[in-house]
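Presented below is the structure to which this report refers.
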Amino acid sequence: MLRDTPRSRIVLAVLVALSVILLVLDGRSGRNPFTAAARAGGELVFAPAAAGVGHVTAPAADLYGTLRMAPRSADRIAELEETNAELEEELRAARLDEGRAEQLDALLHLSGLGGYEIVPAQAVTRTTSHGYADVVTVDVGTESGIGTDMTVVNGAGLVGRVIEAGPRTATVLLATDVTSAVGARLESTRKIGVVTGGTVPGGPKADLTLELFDMEAPVEAGDRVVTLGSHEGAPFVPGVPVGTVEDVQAAPGALSRIARLAPAVDFASLDLVGVVVAGPAEDPRDSVLPPKPDAPEKEK
């Protein structure tokens, strides 16, 4: 530490005077060789020290910047995730709406071919109430003109019949329920029988089983079956596609021929359906069935 002596005071005064002279000369216009040399010397002395300090403090500065931006980044990420979720929901809804539009087109096409007056509905729940195995609830009821023993269809064919109706909902017994029985006939021969849900005693395991009353009736895989129709169209209107024969068997001692049917309707993915509130003026017969695929040409 410097002592306060006459000599130290003289040295301090000289240094202050030199500093003032340098500031005055450096502030003048034009290049001064003396001050330029002084600045160069200062830079030579202090530049390494400044660089060292910058190198040491750079990571801390970067960390500070990252910490300062972190809340903004988290908010931005959350905002983007929310936007993506909204877009995915809109896309899912668009696809769902498109799918239902296609189902509605198919339903209207079927009702037009058959001459059925329908009320569209959505199958909102699948229940096992009332002691039945296969039951669904639809979102229309008596306020929409729905009553019991009305046929329920979709764009592919027979779904079932209404067994209970409230003001805004109705319960539908599916054709696949073991208690369901539908009068039916074959497309090709017009032979009649009954289609029951599930497997009948002595018959093959099936979702739908056709029992033909005529043991001699010709029937084979690929034959299609439609509803025979009930008196005044209740509970079943005529001409609705029910299913396609997969295989046939005649149990020993049986009084009828038994065939396993592949249902026309995909019961595992029921969505848009139609309740038939008025049947056709006349039996549409087989006009509701879709065209058969062209048989492959035989090789010459």
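Ordering of the structure tokens sets the chain letters (A, B, ...); residue numbers start at 1 within each chain; ligands are numbered from 1 in the order shown.
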Please provide as a PDB file with N, CA and C atoms, in the first residue's frame all residues within 8 Å of region 276-280 of chain A, with the sequence filter that same-chain residues fewer than 6 positions apart are discarded (counting only C-alpha atoms).
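Resulting contents of around36.pdb:
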ATOM      1  N   GLY A 114     -86.918 -50.040 -51.098  1.00  0.00           N
ATOM      2  CA  GLY A 114     -87.977 -50.842 -50.489  1.00  0.00           C
ATOM      3  C   GLY A 114     -89.286 -50.107 -50.314  1.00  0.00           C
ATOM      4  N   GLY A 115     -89.284 -48.789 -50.469  1.00  0.00           N
ATOM      5  CA  GLY A 115     -90.497 -48.018 -50.235  1.00  0.00           C
ATOM      6  C   GLY A 115     -90.813 -47.881 -48.761  1.00  0.00           C
ATOM      7  N   TYR A 116     -89.754 -47.888 -47.908  1.00  0.00           N
ATOM      8  CA  TYR A 116     -89.962 -47.775 -46.467  1.00  0.00           C
ATOM      9  C   TYR A 116     -89.876 -46.310 -46.046  1.00  0.00           C
ATOM     10  N   GLU A 117     -90.777 -45.907 -45.162  1.00  0.00           N
ATOM     11  CA  GLU A 117     -90.680 -44.575 -44.553  1.00  0.00           C
ATOM     12  C   GLU A 117     -89.936 -44.730 -43.234  1.00  0.00           C
ATOM     13  N   ILE A 118     -88.818 -44.041 -43.102  1.00  0.00           N
ATOM     14  CA  ILE A 118     -87.962 -44.269 -41.946  1.00  0.00           C
ATOM     15  C   ILE A 118     -87.709 -42.991 -41.151  1.00  0.00           C
ATOM     16  N   VAL A 119     -87.326 -43.179 -39.898  1.00  0.00           N
ATOM     17  CA  VAL A 119     -86.835 -42.102 -39.044  1.00  0.00           C
ATOM     18  C   VAL A 119     -85.398 -42.458 -38.680  1.00  0.00           C
ATOM     19  N   GLY A 145     -92.554 -40.423 -33.378  1.00  0.00           N
ATOM     20  CA  GLY A 145     -93.459 -41.357 -34.037  1.00  0.00           C
ATOM     21  C   GLY A 145     -93.047 -42.808 -33.918  1.00  0.00           C
ATOM     22  N   ILE A 146     -92.129 -43.112 -33.013  1.00  0.00           N
ATOM     23  CA  ILE A 146     -91.639 -44.479 -32.854  1.00  0.00           C
ATOM     24  C   ILE A 146     -92.539 -45.233 -31.885  1.00  0.00           C
ATOM     25  N   MET A 150     -91.762 -52.106 -34.455  1.00  0.00           N
ATOM     26  CA  MET A 150     -91.356 -51.477 -35.711  1.00  0.00           C
ATOM     27  C   MET A 150     -90.010 -52.049 -36.145  1.00  0.00           C
ATOM     28  N   THR A 151     -89.867 -52.231 -37.440  1.00  0.00           N
ATOM     29  CA  THR A 151     -88.630 -52.778 -37.996  1.00  0.00           C
ATOM     30  C   THR A 151     -87.520 -51.739 -37.923  1.00  0.00           C
ATOM     31  N   VAL A 152     -86.304 -52.206 -37.605  1.00  0.00           N
ATOM     32  CA  VAL A 152     -85.134 -51.334 -37.576  1.00  0.00           C
ATOM     33  C   VAL A 152     -84.123 -51.857 -38.581  1.00  0.00           C
ATOM     34  N   VAL A 153     -83.619 -50.961 -39.423  1.00  0.00           N
ATOM     35  CA  VAL A 153     -82.683 -51.346 -40.482  1.00  0.00           C
ATOM     36  C   VAL A 153     -81.488 -50.394 -40.469  1.00  0.00           C
ATOM     37  N   GLU A 232     -99.472 -56.352 -41.843  1.00  0.00           N
ATOM     38  CA  GLU A 232     -99.439 -54.898 -41.737  1.00  0.00           C
ATOM     39  C   GLU A 232     -98.039 -54.372 -41.394  1.00  0.00           C
ATOM     40  N   GLY A 233     -97.029 -55.167 -41.723  1.00  0.00           N
ATOM     41  CA  GLY A 233     -95.643 -54.717 -41.570  1.00  0.00           C
ATOM     42  C   GLY A 233     -95.124 -54.659 -40.157  1.00  0.00           C
ATOM     43  N   VAL A 237     -91.214 -55.528 -41.889  1.00  0.00           N
ATOM     44  CA  VAL A 237     -91.657 -55.229 -43.247  1.00  0.00           C
ATOM     45  C   VAL A 237     -90.983 -56.215 -44.204  1.00  0.00           C
TER      46      VAL A 237
END
Work out how far apart CA of Leu228 (chain A) and CA of Arg185 (chain A) are and give it in Å to one decimal.
5.7 Å
Ser144 (chain A): which residues within 12 Å, counting only C-alpha atoms, same-chain residues fewer than 6 positions away excluded, as a PDB file with N, CA and C atoms, in the first residue's frame?
ATOM      1  N   ILE A 118     -88.818 -44.041 -43.102  1.00  0.00           N
ATOM      2  CA  ILE A 118     -87.962 -44.269 -41.946  1.00  0.00           C
ATOM      3  C   ILE A 118     -87.709 -42.991 -41.151  1.00  0.00           C
ATOM      4  N   VAL A 119     -87.326 -43.179 -39.898  1.00  0.00           N
ATOM      5  CA  VAL A 119     -86.835 -42.102 -39.044  1.00  0.00           C
ATOM      6  C   VAL A 119     -85.398 -42.458 -38.680  1.00  0.00           C
ATOM      7  N   PRO A 120     -84.427 -41.685 -39.158  1.00  0.00           N
ATOM      8  CA  PRO A 120     -83.025 -41.998 -38.827  1.00  0.00           C
ATOM      9  C   PRO A 120     -82.775 -41.867 -37.330  1.00  0.00           C
ATOM     10  N   ALA A 121     -81.871 -42.688 -36.821  1.00  0.00           N
ATOM     11  CA  ALA A 121     -81.533 -42.659 -35.393  1.00  0.00           C
ATOM     12  C   ALA A 121     -80.097 -43.138 -35.221  1.00  0.00           C
ATOM     13  N   VAL A 138     -81.648 -46.571 -29.050  1.00  0.00           N
ATOM     14  CA  VAL A 138     -81.516 -45.548 -30.088  1.00  0.00           C
ATOM     15  C   VAL A 138     -82.083 -44.232 -29.563  1.00  0.00           C
ATOM     16  N   ALA A 165     -90.527 -48.279 -26.267  1.00  0.00           N
ATOM     17  CA  ALA A 165     -90.323 -46.902 -26.726  1.00  0.00           C
ATOM     18  C   ALA A 165     -90.691 -45.912 -25.632  1.00  0.00           C
ATOM     19  N   GLY A 166     -89.774 -44.985 -25.362  1.00  0.00           N
ATOM     20  CA  GLY A 166     -90.029 -43.886 -24.453  1.00  0.00           C
ATOM     21  C   GLY A 166     -90.175 -42.608 -25.260  1.00  0.00           C
ATOM     22  N   PRO A 167     -90.293 -41.473 -24.603  1.00  0.00           N
ATOM     23  CA  PRO A 167     -90.476 -40.213 -25.334  1.00  0.00           C
ATOM     24  C   PRO A 167     -89.327 -39.889 -26.293  1.00  0.00           C
ATOM     25  N   ARG A 168     -88.075 -40.130 -25.851  1.00  0.00           N
ATOM     26  CA  ARG A 168     -86.938 -39.722 -26.676  1.00  0.00           C
ATOM     27  C   ARG A 168     -85.981 -40.868 -27.006  1.00  0.00           C
ATOM     28  N   THR A 169     -86.209 -42.038 -26.466  1.00  0.00           N
ATOM     29  CA  THR A 169     -85.357 -43.189 -26.768  1.00  0.00           C
ATOM     30  C   THR A 169     -86.221 -44.420 -26.981  1.00  0.00           C
ATOM     31  N   ALA A 170     -85.611 -45.419 -27.612  1.00  0.00           N
ATOM     32  CA  ALA A 170     -86.304 -46.685 -27.830  1.00  0.00           C
ATOM     33  C   ALA A 170     -85.305 -47.825 -27.696  1.00  0.00           C
ATOM     34  N   GLY A 274     -82.175 -46.833 -39.036  1.00  0.00           N
ATOM     35  CA  GLY A 274     -83.447 -46.216 -39.381  1.00  0.00           C
ATOM     36  C   GLY A 274     -84.599 -47.056 -38.860  1.00  0.00           C
ATOM     37  N   VAL A 275     -85.556 -46.411 -38.215  1.00  0.00           N
ATOM     38  CA  VAL A 275     -86.756 -47.106 -37.736  1.00  0.00           C
ATOM     39  C   VAL A 275     -87.845 -46.931 -38.792  1.00  0.00           C
ATOM     40  N   VAL A 276     -88.388 -48.045 -39.272  1.00  0.00           N
ATOM     41  CA  VAL A 276     -89.414 -47.999 -40.314  1.00  0.00           C
ATOM     42  C   VAL A 276     -90.758 -47.679 -39.668  1.00  0.00           C
ATOM     43  N   VAL A 277     -91.238 -46.477 -39.926  1.00  0.00           N
ATOM     44  CA  VAL A 277     -92.515 -46.056 -39.323  1.00  0.00           C
ATOM     45  C   VAL A 277     -93.694 -46.338 -40.254  1.00  0.00           C
TER      46      VAL A 277
END
